[in-house]
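Student: After the structure tokens below, expect a handful of questions from me.
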Amino acid sequence: MTTPSKTISLVLGSGGARGLAHIGVIQWLTEQGYEIRSIAGSSMGALVGGIYAAGKLDTYAEWVRALERMDVLRLVDLSFGRSGLVRGERVMGVLRELIGDCAIEELPISYTAVATDLDSGKEVWLRTGKLFDAIRASIATPLVFTPFDHNGRQLLDGGLVNPIPIAPTLNDHTDLIVAVSLNGRAEPPAAAPPPPPAPAGNAYHQRIRAFIESLYPSRPPEIRSLGFVDVAFASMDTMQNTIARLKLAAYSPDVMVDVPRNACAFHEFWKAEELIALGRERAERAFIAAGRLAEAGLQAAVERGEEPRPVADPQ
């Protein structure tokens, strides 16, 4: 009734530090026996996908898991008076030393990094040349990174025109197209655990606590003030979410993995451990849902009296 689908074209979306969830998605896929034969990515999707294509994802995951807030700040090389806050040379240098650079044509799997031409506004597919040149072009988020000069063209973040670049994979000869969106529906944060109860029978301590709390009248929660960087990142997320919906209306993947857009802030790269775990969990959830849809479609065909045909079963 079903045939296993094991070869995958993987599409990795843009979204800043949330892109670390891509690591968990890739780990889950490979552990389940899926073979990734093609990768297309925008921004952080291009970075994580390129590192995986180079065979160094474990090395990168170990490095990024160890990052703390101050480590992230040390990777920032400010660009005063230029077209972006950060040059990006320092972090690219660290990654080149950690991963090693190579030509995209030498990678064992097909790889496409998506960028945006600043002058024409057109989408650019980078499939040749140095891997980290393509990555640097694809992650050039406006206001954050300066544009990248690539063969005479000024290139910016691929998420500006195609946050989930499915189109580069449409001619692949694989069983499934799996796309990972980092702009999924926002979810409420996990509730904080309640404070431990006072020791039973200690009425004296309870009276003291009640007295102290009565000295501080309750106040409404403070409204967080937004800086221009917060507004810029929120605007980027809104824009990319709108573009992604339009792209998905034209090209639908076989399996869509959604990572909540409020999983972390754009710059919180020190949250790698929880984001990788989130990616693994969301990949499993998406494949279970896709498997149920496939079974429901097959059952509906049987009920209509149609000839049962093998279907791609993500499980």
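Identifiers in this document derive from the order of the structure tokens: chains are assigned A, B, ..., residues are numbered from 1 separately in each chain, and ligands are numbered from 1 in order of occurrence.
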Run DSSP on the backbone of this structure and report the residues of stretch 22-198 of chain A it assigns to strand (DSSP E or B), as a PyMOL selection string.
Tutor: chain A and resi 35-42+78+84-86+103+110-117+123-126+130+143-145+148-150+153-157+176-184
Student: For the residues in that selection, give me C-alpha atoms as an mmCIF file, in the first residue's frame.
Tutor:
data_model
loop_
_atom_site.group_PDB
_atom_site.id
_atom_site.type_symbol
_atom_site.label_atom_id
_atom_site.label_comp_id
_atom_site.auth_asym_id
_atom_site.auth_seq_id
_atom_site.Cartn_x
_atom_site.Cartn_y
_atom_site.Cartn_z
ATOM 1 C CA GLU A 35 19.168 10.837 2.461
ATOM 2 C CA ILE A 36 19.495 14.559 1.789
ATOM 3 C CA ARG A 37 20.562 14.936 -1.839
ATOM 4 C CA SER A 38 19.888 18.634 -2.360
ATOM 5 C CA ILE A 39 19.789 21.773 -0.223
ATOM 6 C CA ALA A 40 18.526 25.266 -1.012
ATOM 7 C CA GLY A 41 18.694 27.940 1.654
ATOM 8 C CA SER A 42 18.247 31.629 2.386
ATOM 9 C CA LEU A 78 31.469 47.068 13.643
ATOM 10 C CA GLY A 84 25.645 48.186 7.595
ATOM 11 C CA LEU A 85 26.440 47.838 11.285
ATOM 12 C CA VAL A 86 28.656 44.768 10.901
ATOM 13 C CA ALA A 103 34.058 25.362 -4.081
ATOM 14 C CA SER A 110 23.587 19.861 -4.747
ATOM 15 C CA TYR A 111 23.612 23.242 -2.980
ATOM 16 C CA THR A 112 22.007 26.611 -3.722
ATOM 17 C CA ALA A 113 22.368 29.766 -1.638
ATOM 18 C CA VAL A 114 19.778 32.435 -2.393
ATOM 19 C CA ALA A 115 20.655 36.139 -2.266
ATOM 20 C CA THR A 116 19.143 39.420 -3.461
ATOM 21 C CA ASP A 117 20.689 41.755 -6.035
ATOM 22 C CA GLU A 123 16.629 36.806 -6.736
ATOM 23 C CA VAL A 124 20.113 35.347 -7.245
ATOM 24 C CA TRP A 125 20.912 31.633 -7.042
ATOM 25 C CA LEU A 126 24.530 30.986 -6.065
ATOM 26 C CA LYS A 130 33.492 29.649 -2.925
ATOM 27 C CA LEU A 143 21.139 47.294 8.537
ATOM 28 C CA VAL A 144 23.079 44.438 10.153
ATOM 29 C CA PHE A 145 25.608 43.216 7.573
ATOM 30 C CA PHE A 148 28.565 41.598 -0.206
ATOM 31 C CA ASP A 149 30.373 42.316 -3.465
ATOM 32 C CA HIS A 150 30.077 39.121 -5.532
ATOM 33 C CA ARG A 153 27.103 42.691 -7.877
ATOM 34 C CA GLN A 154 26.089 44.017 -4.468
ATOM 35 C CA LEU A 155 24.163 41.180 -2.817
ATOM 36 C CA LEU A 156 21.892 41.165 0.225
ATOM 37 C CA ASP A 157 20.010 38.609 2.326
ATOM 38 C CA LEU A 176 10.257 14.426 -1.076
ATOM 39 C CA ILE A 177 10.718 18.170 -0.822
ATOM 40 C CA VAL A 178 10.967 19.111 2.853
ATOM 41 C CA ALA A 179 10.852 22.824 3.720
ATOM 42 C CA VAL A 180 11.644 24.445 7.064
ATOM 43 C CA SER A 181 10.008 27.791 7.813
ATOM 44 C CA LEU A 182 11.374 29.928 10.651
ATOM 45 C CA ASN A 183 8.332 32.207 10.531
ATOM 46 C CA GLY A 184 5.725 29.817 11.875
#
Student: Skip stretch 25-28 of chain A itself and residues of its chain fewer than 2 positions away, then list as a VMD selection string all residues within 9 Å of it, counting only C-alpha atoms.
Tutor: chain A and resid 10 21 to 23 30 to 34 36 49 52 180 257 276 to 284
Student: Quick one: of A:Asp77, A:Lys6, A:Glu268, A:Ile164, who's nearest to A:Ser252, counting only C-alpha atoms?
Tutor: A:Ile164
Student: Can you tell me, as a PyMOL selection string, what residues are no more than 12 Å from stretch 234-239 of chain A when counting only C-alpha atoms, ignoring any on the same chain fewer than 4 positions away?
Tutor: chain A and resi 13-16+18+141-144+157-163+181-186+226-230+243-246+260-262+264-266
Student: Output N, CA, C and O atoms for every residue in that selection, as a short mmCIF file (atom, residue, chain, number, x, y, z; two decimals), in the first residue's frame.
Tutor:
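Printed below is part-v3.cif as written:
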data_model
loop_
_atom_site.label_atom_id
_atom_site.label_comp_id
_atom_site.auth_asym_id
_atom_site.auth_seq_id
_atom_site.Cartn_x
_atom_site.Cartn_y
_atom_site.Cartn_z
N GLY A 13 14.81 27.84 5.51
CA GLY A 13 14.40 29.23 5.45
C GLY A 13 15.25 30.18 6.26
O GLY A 13 16.15 29.78 7.01
N SER A 14 14.95 31.47 6.11
CA SER A 14 15.69 32.53 6.79
C SER A 14 15.01 32.91 8.09
O SER A 14 13.80 32.73 8.25
N GLY A 15 15.79 33.50 9.03
CA GLY A 15 15.19 33.89 10.30
C GLY A 15 16.17 34.11 11.43
O GLY A 15 15.82 33.91 12.59
N GLY A 16 17.40 34.49 11.13
CA GLY A 16 18.35 34.81 12.19
C GLY A 16 18.69 33.60 13.05
O GLY A 16 18.81 32.47 12.55
N ARG A 18 17.03 31.81 14.89
CA ARG A 18 16.08 30.68 14.82
C ARG A 18 16.58 29.62 13.85
O ARG A 18 16.16 28.46 13.92
N THR A 141 21.91 40.59 5.97
CA THR A 141 20.68 41.23 6.42
C THR A 141 20.83 42.75 6.40
O THR A 141 21.77 43.28 6.97
N PRO A 142 19.91 43.47 5.76
CA PRO A 142 20.01 44.93 5.73
C PRO A 142 20.08 45.53 7.14
O PRO A 142 19.45 45.02 8.07
N LEU A 143 20.86 46.60 7.28
CA LEU A 143 21.14 47.29 8.54
C LEU A 143 22.12 46.54 9.42
O LEU A 143 22.84 47.15 10.21
N VAL A 144 22.18 45.22 9.30
CA VAL A 144 23.08 44.44 10.15
C VAL A 144 24.40 44.23 9.44
O VAL A 144 25.44 44.73 9.87
N ASP A 157 20.69 39.78 1.77
CA ASP A 157 20.01 38.61 2.33
C ASP A 157 18.98 38.03 1.35
O ASP A 157 18.12 38.75 0.83
N GLY A 158 19.04 36.71 1.15
CA GLY A 158 18.08 36.07 0.26
C GLY A 158 16.66 36.10 0.78
O GLY A 158 15.70 35.98 0.01
N GLY A 159 16.49 36.25 2.12
CA GLY A 159 15.15 36.29 2.68
C GLY A 159 14.34 37.49 2.25
O GLY A 159 13.11 37.50 2.40
N LEU A 160 14.99 38.50 1.67
CA LEU A 160 14.26 39.68 1.19
C LEU A 160 13.33 39.34 0.03
O LEU A 160 12.29 39.99 -0.15
N VAL A 161 13.71 38.36 -0.78
CA VAL A 161 12.90 38.01 -1.95
C VAL A 161 12.36 36.59 -1.90
O VAL A 161 11.35 36.28 -2.54
N ASN A 162 13.00 35.70 -1.13
CA ASN A 162 12.55 34.31 -1.09
C ASN A 162 12.97 33.67 0.23
O ASN A 162 14.01 33.00 0.30
N PRO A 163 12.18 33.84 1.28
CA PRO A 163 12.55 33.31 2.59
C PRO A 163 12.56 31.78 2.66
O PRO A 163 13.23 31.21 3.52
N SER A 181 10.32 26.37 7.66
CA SER A 181 10.01 27.79 7.81
C SER A 181 10.34 28.23 9.22
O SER A 181 9.94 27.59 10.20
N LEU A 182 11.05 29.36 9.34
CA LEU A 182 11.37 29.93 10.65
C LEU A 182 10.41 31.04 11.02
O LEU A 182 10.66 31.79 11.97
N ASN A 183 9.34 31.18 10.27
CA ASN A 183 8.33 32.21 10.53
C ASN A 183 6.97 31.59 10.79
O ASN A 183 5.94 32.10 10.35
N GLY A 184 6.97 30.47 11.53
CA GLY A 184 5.73 29.82 11.88
C GLY A 184 4.91 30.64 12.86
O GLY A 184 5.37 31.65 13.41
N ARG A 185 3.70 30.21 13.09
CA ARG A 185 2.79 30.92 14.00
C ARG A 185 3.43 31.09 15.38
O ARG A 185 4.00 30.14 15.94
N ALA A 186 3.33 32.30 15.92
CA ALA A 186 3.85 32.55 17.26
C ALA A 186 3.09 31.73 18.28
O ALA A 186 1.88 31.52 18.17
N LEU A 226 10.71 49.54 22.51
CA LEU A 226 11.37 48.97 21.35
C LEU A 226 12.39 49.95 20.79
O LEU A 226 12.10 51.13 20.60
N GLY A 227 13.60 49.46 20.54
CA GLY A 227 14.60 50.26 19.87
C GLY A 227 14.46 50.12 18.37
O GLY A 227 13.66 49.33 17.86
N PHE A 228 15.29 50.88 17.62
CA PHE A 228 15.15 50.84 16.16
C PHE A 228 15.55 49.48 15.61
O PHE A 228 15.00 49.02 14.60
N VAL A 229 16.49 48.78 16.28
CA VAL A 229 16.88 47.44 15.82
C VAL A 229 15.73 46.46 16.02
O VAL A 229 15.45 45.63 15.15
N ASP A 230 15.03 46.56 17.18
CA ASP A 230 13.87 45.69 17.41
C ASP A 230 12.81 45.91 16.33
O ASP A 230 12.23 44.95 15.81
N ILE A 243 5.91 37.30 2.25
CA ILE A 243 6.50 36.76 1.01
C ILE A 243 6.47 35.24 1.02
O ILE A 243 6.18 34.60 0.00
N ALA A 244 6.75 34.64 2.18
CA ALA A 244 6.77 33.18 2.28
C ALA A 244 5.40 32.59 1.94
O ALA A 244 5.30 31.58 1.24
N ARG A 245 4.33 33.23 2.42
CA ARG A 245 2.98 32.73 2.12
C ARG A 245 2.71 32.77 0.62
O ARG A 245 2.10 31.85 0.05
N LEU A 246 3.16 33.84 -0.04
CA LEU A 246 2.97 33.94 -1.48
C LEU A 246 3.75 32.87 -2.23
O LEU A 246 3.26 32.26 -3.18
N PRO A 260 8.23 28.27 15.35
CA PRO A 260 7.55 29.51 15.74
C PRO A 260 8.46 30.72 15.60
O PRO A 260 9.64 30.67 15.95
N ARG A 261 7.91 31.80 15.07
CA ARG A 261 8.71 33.00 14.85
C ARG A 261 9.13 33.69 16.14
O ARG A 261 10.02 34.55 16.12
N ASN A 262 8.50 33.32 17.27
CA ASN A 262 8.92 33.90 18.55
C ASN A 262 9.75 32.91 19.37
O ASN A 262 9.86 33.04 20.59
N CYS A 264 12.90 32.67 19.43
CA CYS A 264 13.99 33.46 20.02
C CYS A 264 14.11 34.74 19.22
O CYS A 264 13.52 34.88 18.14
N ALA A 265 14.90 35.68 19.74
CA ALA A 265 15.17 36.91 19.01
C ALA A 265 16.19 36.65 17.91
O ALA A 265 16.91 35.65 17.92
N PHE A 266 16.26 37.58 16.96
CA PHE A 266 17.12 37.44 15.78
C PHE A 266 18.57 37.15 16.16
O PHE A 266 19.26 36.38 15.48
#
Student: I need the residue nearest A:Glu68 from this list: A:Arg285, A:Arg90, A:Arg127, A:Lys271. Use only C-alpha atoms for the distance.
Tutor: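 Once distances to A:Glu68 are computed over only C-alpha atoms, the minimum belongs to A:Lys271.
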Student: Rank nothing, just name the residue among A:Leu248, A:Ala263, A:Ala272, A:Leu12 nearest to A:Pro189, using only C-alpha atoms.
Tutor: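 Smallest separation from A:Pro189 among the options: A:Ala263.
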Student: Tell me which protein, DNA and RNA residues are within 10 Å of A:Glu273, counting only C-alpha atoms, leaving out same-chain ones fewer than 3 positions away, and put them as a short mmCIF file (atom, residue, chain, number, x, y, z; two decimals) with N, CA, C and O atoms, in the first residue's frame.
Tutor:
data_model
loop_
_atom_site.label_atom_id
_atom_site.label_comp_id
_atom_site.auth_asym_id
_atom_site.auth_seq_id
_atom_site.Cartn_x
_atom_site.Cartn_y
_atom_site.Cartn_z
N LEU A 20 19.19 28.11 13.87
CA LEU A 20 19.88 27.01 14.55
C LEU A 20 18.96 25.80 14.70
O LEU A 20 19.43 24.67 14.87
N ALA A 21 17.65 26.01 14.60
CA ALA A 21 16.71 24.89 14.61
C ALA A 21 16.91 23.99 13.40
O ALA A 21 16.58 22.80 13.43
N GLY A 24 18.77 20.81 14.24
CA GLY A 24 17.96 19.74 14.80
C GLY A 24 17.13 19.02 13.75
O GLY A 24 16.97 17.79 13.80
N ALA A 61 27.81 22.46 15.11
CA ALA A 61 26.85 22.34 16.22
C ALA A 61 27.57 22.36 17.56
O ALA A 61 27.11 23.01 18.51
N GLU A 62 28.69 21.68 17.65
CA GLU A 62 29.46 21.68 18.90
C GLU A 62 29.97 23.08 19.22
O GLU A 62 29.93 23.52 20.38
N VAL A 64 28.69 26.06 18.17
CA VAL A 64 27.64 27.03 18.45
C VAL A 64 26.96 26.72 19.79
O VAL A 64 26.46 27.62 20.46
N ARG A 65 26.94 25.46 20.19
CA ARG A 65 26.39 25.12 21.50
C ARG A 65 27.19 25.76 22.64
O ARG A 65 26.63 26.03 23.71
N ALA A 66 28.46 25.97 22.41
CA ALA A 66 29.33 26.53 23.45
C ALA A 66 29.29 28.05 23.52
O ALA A 66 29.88 28.64 24.43
N LEU A 67 28.62 28.70 22.55
CA LEU A 67 28.60 30.16 22.52
C LEU A 67 27.81 30.73 23.69
O LEU A 67 26.71 30.25 24.01
N PHE A 269 21.98 33.88 19.48
CA PHE A 269 22.70 32.68 19.05
C PHE A 269 23.22 31.84 20.22
O PHE A 269 23.73 30.74 20.01
N TRP A 270 23.12 32.36 21.43
CA TRP A 270 23.56 31.61 22.60
C TRP A 270 22.48 30.62 23.06
O TRP A 270 22.66 29.92 24.06
N ILE A 276 18.12 23.74 18.77
CA ILE A 276 18.37 22.46 18.10
C ILE A 276 17.34 21.43 18.55
O ILE A 276 16.79 20.68 17.72
N ALA A 277 17.06 21.40 19.84
CA ALA A 277 16.04 20.48 20.35
C ALA A 277 14.67 20.80 19.76
O ALA A 277 13.89 19.89 19.41
N LEU A 278 14.37 22.08 19.61
CA LEU A 278 13.09 22.49 19.00
C LEU A 278 13.01 22.02 17.56
O LEU A 278 11.96 21.54 17.11
#
Student: My list of candidates is A:Gly50, A:Gly129, A:Gly121, A:Pro147. Which is closest to A:Ile99 when distances are computed with only C-alpha atoms?
Tutor: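 Ranked by minimum distance to A:Ile99, first place goes to A:Gly50.
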Student: Quick one: pull the distance between atom CA of A:Val72 and atom CA of A:Ala17, Å, one decimal.
Tutor: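 Atom-to-atom, atom CA of A:Val72 and atom CA of A:Ala17 are spaced 11.2 Å apart.
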Student: Residues at most 10 Å from A:Leu75, counting only C-alpha atoms, excluding those fewer than 6 positions away in the same chain, as an MDAnalysis selection string?
Tutor: chainID A and resid 86 88:94
Student: So what do you get for atom CA of A:Met256 versus atom CA of A:Ala286, distance-wise?
Tutor: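 If I compute the distance from atom CA of A:Met256 to atom CA of A:Ala286, I get 6.4 Å.
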